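Before any comments, here is the structure.
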Amino acid sequence: MQPDLVCFNPACRARFGITEVLYNCTTCGGLLEAAYDFSGINASELKTTWRERRMSNDPLCQSGVWRYRELFPFLAPEDEHNIITLREGNTPLLKAPRAAEYGGLAEITFKHQGFNPTGSFKDNGMTAGAAQARRLGMKRVACVSTGNTSASMAAYASAGGLEPLIFIPNGNISYGKLAQALEYGAKTFQVEANFDQILALVRVLAERLGIYLLNSINPFRIEGQKSIVIEMMDQLDWQVPDWIVLPGGNLGNVSAFGKGLREMYKLGFIDRLPRLGVVQAAGSSPFYEYMLDGGKTPFHAQQHPETLATAIKIGDPVSWPKAQFEIETTNGVVERADEQEIADAKAVIGACGIGCEPASAATLAGIRKLTAAGVIHRNASVVAILTGNVLKDPDYIYRYHTGELKAPDNSPIRATFGNKPVLVPNDADRIAELIS
Ligand code: F0G
């Protein structure tokens with residue numbers, strides 16, 4: 001059986017060819033997902049194969065995404081030459097006792113997606129989306145982005161000979177990320193609108209000009225992002241943690257995690273499902289609000305999302321139906337954290353010598369609240385996903401540590417764990433005095 005694109009809406013389930021250029025079901029408008037015939041899969045043999053591939057110099061085996069390609073076989077073998085790999089994935093699991101204590105846990109493990117080639121988890125999905133773009137013979141690719149997606153898409157598109165077109169909310173993207181997009185050669189448009197408005201705009205342009213859309217509505221991005229949890233389980237020797245906690249913006253990543261986990265469970269790679277915890281920024285938390293009553297009232301987009309964690313400043317997340325399904329299937333939870341909580345958690349992660357960008361720190365901030373509320377037990381095994389690199393928002397960091405950081409409503413954020421640089425004269429005696 002060929003892989004298919006299938007409508008995610010359980011009342012529809014319309015099927016489409018895997019090479020159709022579609023982002024939504026043409027019957028009901030629902031989200032699409034890739035579906036496979038996994039009947040030939042032997043979990044224990046594949047676990048061995050995947051371990052052996054870590055020793056190989058073959059680029060596809062070195063990639064922490066394509067090493068696991070049997071679980072997202074949307075490319076026919078003759079199409080694999082379309083894959084562009086920058087050796088994405090291969091991100092570490094890191095223990096952090098100080099962060100564990102802050103989060104109310106005996107132990108915490110971070111999976112740090114900021115170790116990716118362009119600095120975020122987007123690379124796991126982008127290598128897959130870019131491969132599909134090339135396989136379809138697309139020449140131009142586009143995305144709207146709060147930063148990480150644009151840097152990632154620019155890199156993979158340019159590496160693969162595609163023309164990257166990037167649309168960003170003017171003034172709401174970190175300088176480092178914009179710099180990456182420019183350096184990787186993307187044509188970059190700064191639009192006077194927010195993320196949700198620009199996504200609608202880019203969808204119109206993509207349709208009109210035949211440009212391939214590489215936002216997380218693209219089902220192949222989601223397939224690539226499944227590799228984050230596959231690699232995680234491989235690194236944990238297939239011992240399933242009690243919880244996986246991640247930040248939620250457009251909700252593509254939690255959708256990918258849920259799908260990957262369900263597939264691994266069904267195919268016998270793991271013997272249970274972990275619980276998924278999604279944390280949103282309080283000023284940008286439409287999914288949190290929606291799930292408060294178990295998703296019984298209709299989903300309401302937030303018109304004016306606000307947070308300094310710009311990566312998750314999204315009021316109308318496209319993947320909420322998938323995210324809801326994955327939260328329900330894994331008996332998961334949705335939490336929110338305010339600006340002070342995110343900033344302090346971020347400084348704690350930094351003080352562990354690890355560091356991350358603001359949205360990633362929402363995980364630890366959320367965990368702290370969930371342990372205090374007794375939802376996550378102190379002795380639970382918890383893997384928190386740090387989605388992006390500490391260098392994403394250096395300005396935020398400097399302001400926090402010097403006590404100058406302000407929330408979007410202009411209220412001051414306390415430098416609870418501030419670490420100010422000290423101005424000193426060029427005088428060894430004076431400096432020695434200060435040090436001791
Ligand atoms: N963390 C980081 C560092 C991100 O860049 C994003 C999304 C998220 C978390 C949220 O992930 O959307 O799958 O729920 N950034 C997008 C971008 C929107 O344009 O780079 P999600």
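Identifiers in this document derive from the order of the structure tokens: chains are assigned A, B, ..., residues are numbered from 1 separately in each chain, and ligands are numbered from 1 in order of occurrence.
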
Dump as a tab-separated table the rows for residues of chain A within 7 Å of ligand 1: closest atom pair and distance in Å with one decimal, only C-alpha atoms and all ligand atoms counted, ordered by chain and rising residue number.
residue	atom	partner	partner_atom_place_in_ligand_line	distance
A:Ser120	CA	ligand 1	3 (C)	6.0
A:Val144	CA	ligand 1	19 (O)	6.2
A:Ser145	CA	ligand 1	19 (O)	3.1
A:Thr146	CA	ligand 1	19 (O)	3.9
A:Gly147	CA	ligand 1	20 (O)	4.5
A:Asn148	CA	ligand 1	20 (O)	3.6
A:Thr149	CA	ligand 1	20 (O)	3.7
A:Ser150	CA	ligand 1	20 (O)	6.3
A:Ser216	CA	ligand 1	13 (O)	6.9
A:Pro247	CA	ligand 1	9 (C)	5.2
A:Gly248	CA	ligand 1	14 (O)	3.7
A:Gly249	CA	ligand 1	14 (O)	3.6
A:Asn250	CA	ligand 1	12 (O)	3.4
A:Leu251	CA	ligand 1	14 (O)	3.3
A:Gly252	CA	ligand 1	13 (O)	3.6
A:Asn253	CA	ligand 1	13 (O)	3.7
A:Val254	CA	ligand 1	13 (O)	6.4
A:Ala311	CA	ligand 1	5 (O)	4.4
A:Ile312	CA	ligand 1	10 (C)	5.2
A:Glu357	CA	ligand 1	3 (C)	6.4
A:Ala359	CA	ligand 1	1 (N)	5.1
A:Ser360	CA	ligand 1	1 (N)	5.4
A:Thr387	CA	ligand 1	3 (C)	4.5
A:Gly388	CA	ligand 1	3 (C)	4.2

#### Entry: Selection: 9 Å around Arg221 of chain A, only C-alpha atoms, excl. self and same-chain fewer than 5 positions, as a ChimeraX atom specification
/A:122,124-130,214-216,226,252,256

### From A:Thr91, A:Asp409, A:Cys143, A:Glu231, residue lying nearest Trp66 of chain A [only C-alpha atoms]
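So, comparing all the options, the nearest one is A:Glu231.
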
Tell me, as a CSV table (one decimal) with C-alpha atoms, in the first residue's frame, which residues lie within 8 Å of segment 396-401 of chain A, counting only C-alpha atoms; anything in the same chain fewer than 6 positions away does not count.
chain,number,residue,atom,x,y,z
A,343,ALA,CA,11.9,34.7,32.7
A,413,ILE,CA,10.0,41.9,35.3
A,414,ARG,CA,12.1,41.2,38.5
A,415,ALA,CA,15.6,40.0,38.1
A,417,PHE,CA,18.2,35.4,39.4
A,418,GLY,CA,19.8,38.5,38.0
A,419,ASN,CA,23.5,38.5,37.2
A,420,LYS,CA,24.6,42.0,36.3

Pull the closest atom pair for each residue of segment 272-367 of chain A that gets at most 10 Å from segment 233-240 of chain A, along with the distance in Å to one decimal, counting only C-alpha atoms, ordering rows by chain and then ascending residue number, as a tab-separated table.
residue	atom	partner	partner_atom	distance
A:Arg272	CA	A:Val240	CA	6.9
A:Leu273	CA	A:Val240	CA	7.2
A:Pro274	CA	A:Val240	CA	6.3
A:Arg275	CA	A:Val240	CA	9.8

### Query
With distances taken over only C-alpha atoms, which of A:Leu308, A:Ala351, A:Leu423, A:Cys12 is nearest to Pro408 of chain A?
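Selected residue with least distance to Pro408 of chain A: A:Leu308.
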
### Task
Go through A:Ala96, A:Val279, A:Ala362, A:Leu292 and flag the residue nearest Ile108 of chain A, using only C-alpha atoms for the distances.
A:Ala96

### Task
Counting only C-alpha atoms, figure out which residue out of A:Glu207, A:Arg67, A:Glu192, A:Asn82 gets nearest to Leu162 of chain A.
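Closest to Leu162 of chain A of all the choices is A:Asn82.
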
### Message
Quick check for you: according to DSSP on this backbone, which residues of segment 168-258 of chain A are classed as strand (DSSP E)? Reply as JSON, numbers by chain.
### Response
{"A": [168, 169, 187, 188, 189, 190, 191, 212, 213, 243, 244, 245, 246, 247]}

Selection export as a CSV table (one decimal), in the first residue's frame, atoms kept: all heavy atoms:
chain,number,residue,atom,x,y,z
A,168,ILE,N,7.8,37.8,7.9
A,168,ILE,CA,7.9,37.9,9.4
A,168,ILE,C,7.1,39.1,9.9
A,168,ILE,O,7.0,40.1,9.2
A,168,ILE,CB,9.4,38.0,9.8
A,168,ILE,CG1,10.1,39.1,9.1
A,168,ILE,CG2,10.1,36.7,9.6
A,168,ILE,CD1,11.5,39.4,9.5
A,169,PRO,N,6.6,39.0,11.1
A,169,PRO,CA,5.9,40.2,11.7
A,169,PRO,C,6.9,41.3,12.0
A,169,PRO,O,7.9,41.0,12.7
A,169,PRO,CB,5.3,39.6,13.0
A,169,PRO,CG,5.5,38.2,13.0
A,169,PRO,CD,6.6,37.9,12.0
A,187,LYS,N,14.8,35.5,0.6
A,187,LYS,CA,14.1,36.8,0.3
A,187,LYS,C,13.2,37.0,1.5
A,187,LYS,O,12.3,36.2,1.8
A,187,LYS,CB,13.4,36.7,-1.0
A,187,LYS,CG,12.8,38.0,-1.4
A,187,LYS,CD,12.9,38.1,-3.0
A,187,LYS,CE,12.7,39.5,-3.4
A,187,LYS,NZ,13.8,40.4,-3.0
A,188,THR,N,13.3,38.1,2.2
A,188,THR,CA,12.6,38.3,3.5
A,188,THR,C,11.7,39.5,3.4
A,188,THR,O,12.1,40.6,3.1
A,188,THR,CB,13.7,38.5,4.6
A,188,THR,OG1,14.6,37.4,4.6
A,188,THR,CG2,13.0,38.6,6.0
A,189,PHE,N,10.4,39.3,3.8
A,189,PHE,CA,9.4,40.3,3.8
A,189,PHE,C,9.0,40.6,5.2
A,189,PHE,O,8.6,39.7,5.9
A,189,PHE,CB,8.2,39.9,3.0
A,189,PHE,CG,8.5,39.6,1.5
A,189,PHE,CD1,8.7,38.3,1.1
A,189,PHE,CD2,8.6,40.6,0.6
A,189,PHE,CE1,9.0,38.0,-0.2
A,189,PHE,CE2,8.9,40.4,-0.7
A,189,PHE,CZ,9.1,39.1,-1.1
A,190,GLN,N,9.1,41.8,5.7
A,190,GLN,CA,8.7,42.2,7.0
A,190,GLN,C,7.3,42.8,6.8
A,190,GLN,O,7.1,43.8,6.1
A,190,GLN,CB,9.6,43.2,7.6
A,190,GLN,CG,11.0,42.6,7.9
A,190,GLN,CD,12.0,43.6,8.5
A,190,GLN,OE1,12.6,44.3,7.7
A,190,GLN,NE2,12.1,43.6,9.8
A,191,VAL,N,6.3,42.2,7.4
A,191,VAL,CA,4.9,42.6,7.2
A,191,VAL,C,4.3,43.3,8.5
A,191,VAL,O,4.6,42.8,9.6
A,191,VAL,CB,4.0,41.4,6.8
A,191,VAL,CG1,2.6,41.8,6.4
A,191,VAL,CG2,4.7,40.6,5.7
A,212,TYR,N,5.5,26.5,-2.5
A,212,TYR,CA,5.2,25.4,-1.5
A,212,TYR,C,5.3,26.0,-0.1
A,212,TYR,O,6.3,26.6,0.3
A,212,TYR,CB,6.2,24.3,-1.7
A,212,TYR,CG,5.8,23.0,-1.0
A,212,TYR,CD1,4.6,22.4,-1.3
A,212,TYR,CD2,6.7,22.4,-0.1
A,212,TYR,CE1,4.2,21.2,-0.7
A,212,TYR,CE2,6.3,21.2,0.5
A,212,TYR,CZ,5.1,20.6,0.2
A,212,TYR,OH,4.7,19.4,0.8
A,213,LEU,N,4.3,25.7,0.7
A,213,LEU,CA,4.2,26.3,2.1
A,213,LEU,C,4.9,25.4,3.1
A,213,LEU,O,4.5,24.2,3.1
A,213,LEU,CB,2.7,26.5,2.4
A,213,LEU,CG,2.3,27.3,3.6
A,213,LEU,CD1,2.8,28.7,3.5
A,213,LEU,CD2,0.8,27.3,3.8
A,243,TRP,N,6.3,11.8,31.8
A,243,TRP,CA,5.9,13.0,31.2
A,243,TRP,C,6.9,13.5,30.1
A,243,TRP,O,8.1,13.4,30.3
A,243,TRP,CB,5.8,14.1,32.2
A,243,TRP,CG,4.6,14.0,33.2
A,243,TRP,CD1,4.7,13.3,34.4
A,243,TRP,CD2,3.3,14.5,33.0
A,243,TRP,NE1,3.4,13.5,35.0
A,243,TRP,CE2,2.6,14.2,34.2
A,243,TRP,CE3,2.7,15.3,32.0
A,243,TRP,CZ2,1.3,14.5,34.4
A,243,TRP,CZ3,1.4,15.6,32.2
A,243,TRP,CH2,0.6,15.3,33.4
A,244,ILE,N,6.3,14.0,29.1
A,244,ILE,CA,7.1,14.9,28.1
A,244,ILE,C,6.4,16.2,28.1
A,244,ILE,O,5.2,16.3,27.9
A,244,ILE,CB,7.1,14.3,26.7
A,244,ILE,CG1,7.8,12.9,26.7
A,244,ILE,CG2,7.9,15.2,25.8
A,244,ILE,CD1,7.8,12.2,25.4
A,245,VAL,N,7.2,17.3,28.4
A,245,VAL,CA,6.6,18.6,28.5
A,245,VAL,C,7.2,19.5,27.5
A,245,VAL,O,8.5,19.5,27.3
A,245,VAL,CB,6.8,19.2,29.9
A,245,VAL,CG1,6.2,20.6,30.1
A,245,VAL,CG2,6.2,18.3,31.0
A,246,LEU,N,6.4,20.3,26.8
A,246,LEU,CA,6.9,21.1,25.7
A,246,LEU,C,6.1,22.4,25.6
A,246,LEU,O,5.0,22.5,26.0
A,246,LEU,CB,6.9,20.4,24.4
A,246,LEU,CG,5.6,20.1,23.6
A,246,LEU,CD1,5.9,19.8,22.2
A,246,LEU,CD2,4.9,19.0,24.3
A,247,PRO,N,6.7,23.5,25.0
A,247,PRO,CA,5.9,24.7,24.9
A,247,PRO,C,5.0,24.6,23.7
A,247,PRO,O,5.2,23.8,22.8
A,247,PRO,CB,7.0,25.8,24.6
A,247,PRO,CG,8.2,25.0,24.0
A,247,PRO,CD,8.1,23.6,24.6

### Message
Please identify the alpha helix (DSSP H) residues within segment 30-101 of chain A (assignment by DSSP from backbone atoms) and present them as number ranges by chain.
### Response
A: 43-53, 59-62, 97-101

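Across the structure, atom CA of Ala301 of chain A and atom CA of Tyr288 of chain A are spaced 11.2 Å apart.
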
### Task
Could you give me, as an NGL selection string, the residues within 8 Å of segment 175-185 of chain A, counting only C-alpha atoms and dropping anything in the same chain fewer than 3 positions from it?
:A and (147-148 or 150-152 or 154-155 or 158 or 164 or 166 or 188 or 391-393)

### Task
Fewer than 3 positions away in the same chain doesn't count, so skip those; otherwise give me all residues within 12 Å of segment 35-52 of chain A, counting only C-alpha atoms, as an NGL selection string.
:A and (1-8 or 13-18 or 32 or 55-58 or 60-76 or 219-220 or 222-223 or 230-231 or 233-235 or 237-238 or 259-260 or 263-271)

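The nearest approach to Thr310 of chain A among the residues A:Glu404, A:Ile217, A:Val334, A:Glu339, with only C-alpha atoms taken into account, belongs to A:Glu339.
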
#### Entry: For Tyr23 of chain A, the nearest of the candidates A:Ala281, A:Leu364, A:Val318, A:Ala384, counting only C-alpha atoms
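The shortest atom-to-atom distance to Tyr23 of chain A comes from A:Val318.
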
### Task
Find the distance between atom CA of Ile228 of chain A and atom CA of Val21 of chain A and write it in Å to one decimal.
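Taking atom CA of Ile228 of chain A as the start and atom CA of Val21 of chain A as the end point, the length is 25.1 Å.
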